[in-house]
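Novice: I'm passing along work37.csv; it holds CSV, C-alpha atoms and all ligand atoms.
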```csv
chain,number,residue,atom,x,y,z
O,1,MET,CA,-6.6,27.2,0.2
O,2,LYS,CA,-7.9,23.7,0.8
O,3,ASN,CA,-11.4,22.3,1.4
O,4,VAL,CA,-11.3,19.1,3.5
O,5,VAL,CA,-13.8,16.5,4.7
O,6,VAL,CA,-13.5,14.2,7.7
O,7,ILE,CA,-16.0,11.4,8.0
O,8,GLY,CA,-16.1,9.7,11.5
O,9,SER,CA,-15.0,13.0,13.1
O,10,SER,CA,-16.2,12.0,16.5
O,11,GLY,CA,-13.7,9.2,16.8
O,12,ALA,CA,-10.2,9.5,18.3
O,13,ILE,CA,-8.4,9.6,14.9
O,14,GLY,CA,-11.1,11.6,13.1
O,15,LYS,CA,-11.1,14.2,15.9
O,16,ALA,CA,-7.3,14.5,15.8
O,17,PHE,CA,-7.6,15.2,12.0
O,18,ILE,CA,-10.2,17.9,12.7
O,19,ASP,CA,-7.9,19.5,15.4
O,20,SER,CA,-5.0,19.4,13.0
O,21,TYR,CA,-6.9,21.0,10.1
O,22,MET,CA,-8.3,23.7,12.4
O,23,LYS,CA,-4.6,24.8,13.1
O,24,ASP,CA,-3.6,24.5,9.4
O,25,ASP,CA,-3.6,27.9,7.7
O,26,ASP,CA,-3.8,26.3,4.3
O,27,VAL,CA,-7.3,24.9,5.1
O,28,GLU,CA,-10.2,27.2,4.4
O,29,ASN,CA,-13.2,24.9,5.1
O,30,ILE,CA,-13.5,21.7,7.1
O,31,PHE,CA,-16.7,19.6,6.5
O,32,SER,CA,-17.1,17.3,9.5
O,33,PHE,CA,-19.4,14.3,9.5
O,34,SER,CA,-20.4,12.0,12.3
O,35,ARG,CA,-23.4,10.5,14.1
O,36,THR,CA,-22.5,12.2,17.3
O,37,GLY,CA,-21.8,15.9,16.9
O,38,LEU,CA,-18.5,17.6,17.9
O,39,ALA,CA,-18.2,19.8,21.0
O,40,VAL,CA,-15.9,22.2,19.1
O,41,GLU,CA,-16.8,25.3,17.1
O,42,ASP,CA,-14.6,27.1,14.6
O,43,LYS,CA,-15.3,29.5,11.9
O,44,LYS,CA,-14.0,27.1,9.2
O,45,LEU,CA,-15.7,24.0,10.7
O,46,HIS,CA,-19.1,22.9,9.2
O,47,SER,CA,-20.6,19.9,11.0
O,48,PHE,CA,-23.2,17.5,9.7
O,49,PHE,CA,-24.8,14.2,10.5
O,50,ILE,CA,-23.9,10.9,8.7
O,51,ASP,CA,-24.7,7.3,9.3
O,52,ILE,CA,-22.5,5.3,7.1
O,53,GLU,CA,-24.8,2.2,7.4
O,54,ASP,CA,-27.5,4.2,5.5
O,55,GLU,CA,-27.0,5.1,1.8
O,56,THR,CA,-29.6,7.9,2.0
O,57,SER,CA,-27.7,9.5,4.9
O,58,ILE,CA,-24.4,9.3,2.9
O,59,CYS,CA,-26.1,10.9,-0.1
O,60,ASP,CA,-27.7,13.6,2.0
O,61,ALA,CA,-24.3,14.2,3.7
O,62,ALA,CA,-22.5,14.8,0.4
O,63,GLU,CA,-25.2,17.3,-0.6
O,64,ASN,CA,-24.3,19.5,2.4
O,65,ILE,CA,-21.0,20.4,0.7
O,66,ASP,CA,-21.4,23.7,-1.0
O,67,LYS,CA,-17.9,23.9,-2.4
O,68,SER,CA,-17.3,22.9,-6.0
O,69,SER,CA,-14.2,20.8,-5.2
O,70,ILE,CA,-12.7,19.1,-2.2
O,71,ASP,CA,-8.9,18.6,-1.8
O,72,GLU,CA,-8.7,16.0,1.0
O,73,ILE,CA,-11.2,13.5,2.3
O,74,ILE,CA,-10.5,11.3,5.4
O,75,VAL,CA,-12.7,8.4,6.2
O,76,ALA,CA,-12.0,7.6,9.8
O,77,SER,CA,-15.1,5.7,10.8
O,78,GLY,CA,-14.8,2.1,11.8
O,79,ILE,CA,-15.9,-0.7,14.2
O,80,LEU,CA,-14.0,-3.5,15.9
O,81,HIS,CA,-16.3,-4.2,18.8
O,82,ASN,CA,-19.4,-2.7,20.5
O,83,LYS,CA,-21.4,-3.4,23.6
O,84,ASP,CA,-22.8,-6.6,22.1
O,85,PHE,CA,-19.8,-8.3,20.6
O,86,GLY,CA,-16.0,-8.3,20.3
O,87,PRO,CA,-13.6,-9.6,17.7
O,88,GLU,CA,-13.8,-13.4,17.3
O,89,LYS,CA,-11.0,-15.3,19.0
O,90,SER,CA,-12.2,-18.6,17.5
O,91,ILE,CA,-14.6,-20.3,15.0
O,92,ARG,CA,-17.1,-20.7,17.8
O,93,ASP,CA,-17.4,-16.9,18.2
O,94,LEU,CA,-18.6,-16.4,14.6
O,95,ASN,CA,-22.0,-14.8,14.4
O,96,ALA,CA,-23.7,-13.8,11.1
O,97,ASP,CA,-25.4,-10.6,12.5
O,98,ASN,CA,-22.3,-9.3,14.1
O,99,PHE,CA,-20.2,-10.1,11.0
O,100,LEU,CA,-22.7,-8.2,8.9
O,101,LYS,CA,-22.6,-5.2,11.2
O,102,VAL,CA,-18.8,-5.0,10.9
O,103,ILE,CA,-18.9,-5.4,7.1
O,104,LYS,CA,-21.6,-2.7,6.8
O,105,VAL,CA,-19.6,-0.2,8.9
O,106,ASN,CA,-16.0,-1.0,7.7
O,107,THR,CA,-16.6,-2.0,4.0
O,108,ILE,CA,-20.0,-1.2,2.5
O,109,GLY,CA,-20.2,2.2,4.2
O,110,PRO,CA,-16.8,3.5,3.0
O,111,THR,CA,-17.6,2.1,-0.5
O,112,ILE,CA,-20.9,4.1,-0.6
O,113,VAL,CA,-19.0,7.1,0.7
O,114,GLY,CA,-16.8,6.7,-2.4
O,115,LYS,CA,-19.9,6.7,-4.6
O,116,TYR,CA,-21.1,10.1,-3.4
O,117,PHE,CA,-17.8,11.8,-2.3
O,118,ILE,CA,-15.4,10.8,-5.1
O,119,PRO,CA,-17.2,13.1,-7.6
O,120,LEU,CA,-16.4,16.0,-5.3
O,121,LEU,CA,-12.6,15.6,-5.5
O,122,ASN,CA,-10.6,18.4,-7.1
O,123,LYS,CA,-9.9,17.5,-10.7
O,124,LYS,CA,-7.5,20.3,-11.5
O,125,GLU,CA,-4.9,19.8,-8.8
O,126,LYS,CA,-3.8,17.0,-6.5
O,127,SER,CA,-6.6,15.6,-4.3
O,128,VAL,CA,-6.6,12.8,-1.7
O,129,LEU,CA,-9.2,10.3,-0.5
O,130,ALA,CA,-7.7,8.4,2.5
O,131,PHE,CA,-9.5,5.5,4.1
O,132,LEU,CA,-8.3,4.5,7.6
O,133,SER,CA,-7.7,0.8,7.0
O,134,ALA,CA,-5.6,-1.7,9.0
O,135,ARG,CA,-2.5,-4.0,8.7
O,136,VAL,CA,-4.7,-6.9,9.8
O,137,GLY,CA,-6.5,-6.6,6.5
O,138,SER,CA,-3.3,-7.9,4.8
O,139,ILE,CA,-3.7,-11.6,3.9
O,140,SER,CA,0.1,-12.1,3.5
O,141,ASP,CA,0.7,-10.5,6.9
O,142,ASN,CA,-1.8,-12.7,8.8
O,143,LYS,CA,0.2,-14.8,11.2
O,144,THR,CA,-2.0,-15.0,14.2
O,145,GLY,CA,-5.6,-15.5,12.9
O,146,GLY,CA,-8.7,-14.5,14.8
O,147,TRP,CA,-10.6,-11.2,14.3
O,148,TYR,CA,-12.5,-12.8,11.4
O,149,ALA,CA,-15.0,-10.0,10.6
O,150,TYR,CA,-12.7,-7.1,11.2
O,151,ARG,CA,-9.8,-8.6,9.2
O,152,ALA,CA,-12.2,-9.6,6.3
O,153,SER,CA,-13.8,-6.1,6.3
O,154,LYS,CA,-10.5,-4.4,6.0
O,155,THR,CA,-9.2,-6.9,3.3
O,156,ALA,CA,-12.4,-6.1,1.3
O,157,LEU,CA,-12.0,-2.4,1.9
O,158,ASN,CA,-8.4,-2.6,0.5
O,159,GLN,CA,-9.8,-4.3,-2.6
O,160,ILE,CA,-12.4,-1.5,-3.0
O,161,ILE,CA,-9.7,1.1,-2.6
O,162,LYS,CA,-7.7,-0.6,-5.4
O,163,ASN,CA,-10.8,-0.6,-7.6
O,164,PHE,CA,-11.4,3.1,-7.0
O,165,SER,CA,-7.8,3.9,-7.8
O,166,ILE,CA,-8.0,2.1,-11.2
O,167,GLU,CA,-11.3,3.8,-12.2
O,168,LEU,CA,-10.0,7.2,-11.1
O,169,ARG,CA,-6.9,6.9,-13.3
O,170,ARG,CA,-9.2,7.5,-16.2
O,171,THR,CA,-11.6,10.0,-14.7
O,172,ASN,CA,-9.5,12.0,-12.3
O,173,PRO,CA,-5.7,11.3,-12.7
O,174,ASN,CA,-4.9,14.0,-10.1
O,175,ALA,CA,-6.7,12.0,-7.4
O,176,ILE,CA,-4.9,9.8,-5.0
O,177,ILE,CA,-7.0,7.2,-3.2
O,178,PHE,CA,-5.3,5.0,-0.7
O,179,GLY,CA,-5.6,3.2,2.6
O,180,LEU,CA,-3.7,4.3,5.7
O,181,GLN,CA,-2.7,2.2,8.7
O,182,PRO,CA,-2.5,4.5,11.7
O,183,GLY,CA,-0.5,2.3,14.0
O,184,THR,CA,-2.0,1.1,17.3
O,185,VAL,CA,-3.8,4.3,18.5
O,186,ASP,CA,-5.3,5.0,21.9
O,187,SER,CA,-9.0,5.1,21.2
O,188,GLU,CA,-12.4,3.5,22.1
O,189,LEU,CA,-11.7,1.0,19.3
O,190,SER,CA,-8.4,-0.2,20.7
O,191,GLU,CA,-9.5,0.1,24.4
O,192,PRO,CA,-10.0,-3.6,25.2
O,193,PHE,CA,-6.6,-4.6,23.6
O,194,LYS,CA,-4.3,-1.8,24.8
O,195,ARG,CA,-2.8,-3.9,27.6
O,196,ASN,CA,-1.3,-6.3,25.0
O,197,VAL,CA,0.5,-3.4,23.2
O,198,LYS,CA,4.2,-3.1,24.0
O,199,GLU,CA,5.4,0.0,25.8
O,200,GLY,CA,6.0,2.8,23.4
O,201,ASN,CA,3.9,1.2,20.6
O,202,LEU,CA,0.5,2.8,21.6
O,203,PHE,CA,0.3,6.1,19.8
O,204,THR,CA,-1.7,9.1,20.8
O,205,PRO,CA,-4.2,10.1,18.0
O,206,GLU,CA,-2.3,13.4,17.6
O,207,TYR,CA,1.0,11.6,16.9
O,208,SER,CA,-0.6,9.2,14.5
O,209,VAL,CA,-2.3,12.0,12.6
O,210,LEU,CA,0.9,14.0,12.4
O,211,GLN,CA,2.5,11.0,10.7
O,212,LEU,CA,-0.5,10.3,8.4
O,213,LYS,CA,-0.7,14.0,7.3
O,214,ASN,CA,2.9,13.8,6.3
O,215,ILE,CA,2.1,10.8,4.1
O,216,ILE,CA,-0.9,12.6,2.6
O,217,ASP,CA,1.1,15.8,1.9
O,218,THR,CA,3.9,13.9,0.1
O,219,ALA,CA,1.8,11.3,-1.7
O,220,SER,CA,1.7,11.2,-5.5
O,221,PRO,CA,-0.7,9.5,-7.9
O,222,SER,CA,1.7,6.5,-8.0
O,223,ASP,CA,0.6,5.8,-4.4
O,224,SER,CA,-3.0,5.4,-5.4
O,225,GLY,CA,-4.5,2.0,-4.6
O,226,LYS,CA,-1.9,1.2,-1.9
O,227,LEU,CA,-2.1,0.6,1.8
O,228,ILE,CA,0.5,2.7,3.5
O,229,SER,CA,1.5,2.5,7.2
O,230,TRP,CA,2.0,5.5,9.5
O,231,ASP,CA,5.8,5.2,9.0
O,232,GLY,CA,5.6,5.2,5.2
O,233,GLU,CA,5.9,1.5,4.7
O,234,GLU,CA,3.8,0.0,1.9
O,235,ILE,CA,1.8,-2.9,3.4
O,236,GLN,CA,1.5,-5.8,0.9
O,237,PRO,CA,-2.1,-7.2,0.3
R,1,LIG,N1,-7.2,2.7,16.9
R,1,LIG,C1,-6.4,1.8,16.3
R,1,LIG,O1,-5.4,1.3,17.0
R,1,LIG,C2,-6.6,1.5,14.9
R,1,LIG,C3,-5.7,0.6,14.2
R,1,LIG,C4,-5.8,0.3,12.9
R,1,LIG,C5,-6.9,0.9,12.2
R,1,LIG,N2,-7.7,1.8,12.8
R,1,LIG,C6,-8.9,2.3,12.0
R,1,LIG,O2,-8.9,3.7,12.2
R,1,LIG,C7,-10.3,4.1,12.1
R,1,LIG,C8,-10.6,5.1,13.3
R,1,LIG,O3,-10.5,4.3,14.5
R,1,LIG,P1,-10.4,5.0,15.9
R,1,LIG,O4,-9.4,4.3,16.7
R,1,LIG,O5,-10.4,6.5,15.8
R,1,LIG,O6,-11.8,4.5,16.5
R,1,LIG,P2,-13.0,5.2,17.3
R,1,LIG,O7,-12.4,6.3,18.2
R,1,LIG,O8,-13.8,4.1,17.9
R,1,LIG,O9,-13.8,6.0,16.2
R,1,LIG,C9,-14.6,5.3,15.3
R,1,LIG,C10,-15.5,6.2,14.6
R,1,LIG,O10,-16.4,5.5,13.7
R,1,LIG,C11,-17.7,6.1,13.8
R,1,LIG,N3,-18.7,5.2,13.4
R,1,LIG,C12,-19.0,3.9,13.7
R,1,LIG,N4,-20.1,3.5,13.2
R,1,LIG,C13,-20.6,4.5,12.4
R,1,LIG,C14,-21.7,4.7,11.6
R,1,LIG,N5,-22.6,3.7,11.4
R,1,LIG,N6,-21.9,5.9,10.9
R,1,LIG,C15,-21.0,6.9,11.1
R,1,LIG,N7,-19.9,6.8,11.9
R,1,LIG,C16,-19.7,5.6,12.5
R,1,LIG,C17,-17.8,6.5,15.2
R,1,LIG,O11,-18.9,7.4,15.3
R,1,LIG,P3,-19.9,7.4,16.5
R,1,LIG,O12,-19.2,8.3,17.6
R,1,LIG,O13,-21.1,8.1,15.9
R,1,LIG,O14,-20.1,6.0,16.9
R,1,LIG,C18,-16.4,7.1,15.5
R,1,LIG,O15,-16.4,8.4,15.0
R,1,LIG,C19,-11.1,2.9,12.0
R,1,LIG,O16,-11.5,2.6,10.6
R,1,LIG,C20,-10.2,1.8,12.5
R,1,LIG,O17,-10.5,0.5,12.0
R,1,LIG,C21,-7.6,2.1,14.1
```
What is this file in structure tokens?

Specialist:
Amino acid sequence: MKNVVVIGSSGAIGKAFIDSYMKDDDVENIFSFSRTGLAVEDKKLHSFFIDIEDETSICDAAENIDKSSIDEIIVASGILHNKDFGPEKSIRDLNADNFLKVIKVNTIGPTIVGKYFIPLLNKKEKSVLAFLSARVGSISDNKTGGWYAYRASKTALNQIIKNFSIELRRTNPNAIIFGLQPGTVDSELSEPFKRNVKEGNLFTPEYSVLQLKNIIDTASPSDSGKLISWDGEEIQP
């Protein structure tokens, strides 16, 4: 039976992971972390607060886990825009404070999550730490420009994931640490850009999570450090 963790469980994709794990008979305990609590209750669901912009909060969050080892950790937090700013269309939109906010949530937060949660990963059997990343973090795939902070935050996250995977080869070779590209998913994050998405290319969170869980279930240590798309394609850096 598995113990699993979802960070960013109040978001569209995080919540779909929670729903999927609640229906999964192989899952015994779900540790759910978000700033805003979940409106669902389940005997295997344990919900806690986390603010991934605050290292103390991340450290405290990890201490809430009373199981000796965790089999799957999903980091589904992230930011593209908020009420104060959107992704930059041009150089003139660049703003240092907004850039820093995006880097804190999308890069530094997940990195510090690694610091406190990686030691909890199962060492005896396969374990997975999956970060929701994005294709736009790929430098070789960048054909349209724009979205400076978001792109850079995910590019840096992909580098951190690679670093984690190299370090874990020595300390926990059963662990798989990778980035997942969920496709374009109907959520708060994608809301302002949905109209630009071609018919049929906007996924429900449930469909995306079905695909991502299949990737997690079939992944092997040779996938560690990669960025893998919802359809199984490896996205080049
Ligand atoms: N949707 C897409 O099309 C798409 C495409 C590519 C990649 N992704 C990636 O997939 C991930 C999930 O996206 P989504 O579409 O599910 O977005 P979403 O519905 O907007 O969810 C984002 C989540 O991030 C959490 N969050 C933001 N700042 C936080 C903080 N300081 N501390 C803790 N939690 C924080 C939010 O929690 P609060 O409720 O507390 O704010 C929310 O749970 C993101 O990393 C995103 O970059 C999404």

Novice: In the coordinate frame of the file, compute which residues have an atom within 8 Å of (-9.8, 15.8, 1.7) when using all atoms listed in the file, and state them as a list of chain:residue names.

Specialist: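 These residues have at least one counted atom within 8 Å: O:Asn3, O:Val4, O:Val5, O:Val6, O:Ile70, O:Asp71, O:Glu72, O:Ile73, O:Ile74, O:Leu121, O:Ser127, O:Val128, O:Leu129, O:Ala130.
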
Novice: For ligand LIG 1 (chain R), which of O:Asn214, O:Ser20, O:Ser190, O:Thr204 is the closest residue, counting only C-alpha atoms and all ligand atoms?

Specialist: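 Using only C-alpha atoms and all ligand atoms, the shortest distance to ligand LIG 1 (chain R) belongs to O:Ser190.
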
Novice: From the set O:Ser153, O:Asn64, O:Ser229, O:Ser133, which residue has the shortest atom-to-atom contact distance to ligand LIG 1 (chain R), counting only C-alpha atoms and all ligand atoms?

Specialist: O:Ser133

Novice: Residues contacting ligand LIG 1 (chain R) - anything with an atom at most 9 Å away, using all atoms listed in the file - can you give me those as number ranges by chain?

Specialist: O: 7-16, 33-37, 49-54, 75-81, 101-102, 104-106, 109, 131-136, 150, 154, 180-191, 193-194, 202-203, 205

Novice: For the atom pair CA of Asp217 (chain O) and CA of Asn201 (chain O), what is the interatomic distance in Å to one decimal place?

Specialist: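 Atom-to-atom, CA of Asp217 (chain O) and CA of Asn201 (chain O) are spaced 23.9 Å apart.
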
Novice: Please indicate the distance in Å from CA of Ile166 (chain O) to CA of Lys2 (chain O), rounded to one decimal place.

Specialist: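 Result for CA of Ile166 (chain O) versus CA of Lys2 (chain O): 24.7 Å, one decimal.
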
Novice: What does the distance between CA of Tyr207 (chain O) and CA of Ile139 (chain O) come to in Å, to one decimal place?

Specialist: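 Between these atoms lies a distance of 27.0 Å.
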
Novice: Find, counting only C-alpha atoms, the residue in O:Leu227, O:Ile160, O:Cys59, O:Ile91 that gets nearest to Tyr116 (chain O).

Specialist: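 Among the listed residues, the smallest separation from Tyr116 (chain O) belongs to O:Cys59.
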
Novice: Within 10 Å of region 83-85 of chain O, counting all atoms listed in the file, which residues show up once you throw out same-chain ones fewer than 5 positions away? Write them as a PyMOL selection string, please.

Specialist: chain O and resi 93+95+98-99

Novice: Pick from O:Asp141, O:Ile177, O:Gln211, O:Pro221: nearest to Pro237 (chain O), with all atoms listed in the file counted?

Specialist: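 Residue with the minimum atom-to-atom distance to Pro237 (chain O): O:Asp141.
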
Novice: Closest to Asp25 (chain O) among O:Ser220, O:Asn142, O:Lys44, O:Gly137, using only C-alpha atoms?

Specialist: O:Lys44

Novice: Using all atoms listed in the file, which of O:Lys126, O:Lys89, O:Lys226, O:Lys23 sits nearest Leu157 (chain O)?

Specialist: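 Counting all atoms listed in the file, the residue closest to Leu157 (chain O) is O:Lys226.
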
Novice: Could you model N, CA and C atoms for region 65-86 of chain O and present them as a compact mmCIF listing (two decimals), keeping the file's coordinate frame?

Specialist:
```txt
# COMPACT_ATOMS: atom_id res chain seq x y z
N ILE O 65 -22.26 19.72 1.12
CA ILE O 65 -21.00 20.40 0.70
C ILE O 65 -21.29 21.40 -0.36
N ASP O 66 -21.09 22.67 -0.01
CA ASP O 66 -21.40 23.70 -1.00
C ASP O 66 -20.20 24.28 -1.69
N LYS O 67 -19.11 23.53 -1.68
CA LYS O 67 -17.90 23.90 -2.40
C LYS O 67 -17.81 23.08 -3.68
N SER O 68 -17.27 23.67 -4.74
CA SER O 68 -17.30 22.90 -6.00
C SER O 68 -16.24 21.81 -6.02
N SER O 69 -15.18 21.94 -5.21
CA SER O 69 -14.20 20.80 -5.20
C SER O 69 -13.58 20.68 -3.82
N ILE O 70 -13.24 19.42 -3.52
CA ILE O 70 -12.70 19.10 -2.20
C ILE O 70 -11.23 18.54 -2.46
N ASP O 71 -10.31 18.98 -1.60
CA ASP O 71 -8.90 18.60 -1.80
C ASP O 71 -8.48 17.37 -1.00
N GLU O 72 -9.07 17.20 0.19
CA GLU O 72 -8.70 16.00 1.00
C GLU O 72 -9.97 15.47 1.68
N ILE O 73 -10.15 14.16 1.60
CA ILE O 73 -11.20 13.50 2.30
C ILE O 73 -10.63 12.38 3.17
N ILE O 74 -10.96 12.39 4.45
CA ILE O 74 -10.50 11.30 5.40
C ILE O 74 -11.68 10.55 5.83
N VAL O 75 -11.64 9.24 5.65
CA VAL O 75 -12.70 8.40 6.20
C VAL O 75 -12.16 7.65 7.38
N ALA O 76 -12.57 8.13 8.57
CA ALA O 76 -12.00 7.60 9.80
C ALA O 76 -13.01 6.90 10.67
N SER O 77 -14.13 6.51 10.06
CA SER O 77 -15.10 5.70 10.80
C SER O 77 -14.67 4.26 10.82
N GLY O 78 -15.20 3.50 11.75
CA GLY O 78 -14.80 2.10 11.80
C GLY O 78 -15.34 1.44 13.08
N ILE O 79 -15.40 0.11 13.04
CA ILE O 79 -15.90 -0.70 14.20
C ILE O 79 -15.01 -1.92 14.35
N LEU O 80 -14.68 -2.25 15.60
CA LEU O 80 -14.00 -3.50 15.90
C LEU O 80 -14.87 -4.30 16.90
N HIS O 81 -15.49 -3.57 17.80
CA HIS O 81 -16.30 -4.20 18.80
C HIS O 81 -17.41 -3.18 19.21
N ASN O 82 -18.46 -3.64 19.85
CA ASN O 82 -19.40 -2.70 20.50
C ASN O 82 -19.91 -3.38 21.75
N LYS O 83 -20.99 -2.88 22.32
CA LYS O 83 -21.40 -3.40 23.60
C LYS O 83 -21.92 -4.87 23.49
N ASP O 84 -22.27 -5.29 22.28
CA ASP O 84 -22.80 -6.60 22.10
C ASP O 84 -21.80 -7.67 21.67
N PHE O 85 -20.72 -7.25 21.05
CA PHE O 85 -19.80 -8.30 20.60
C PHE O 85 -18.33 -7.69 20.51
N GLY O 86 -17.39 -8.60 20.53
CA GLY O 86 -16.00 -8.30 20.30
C GLY O 86 -15.45 -9.03 19.17
```
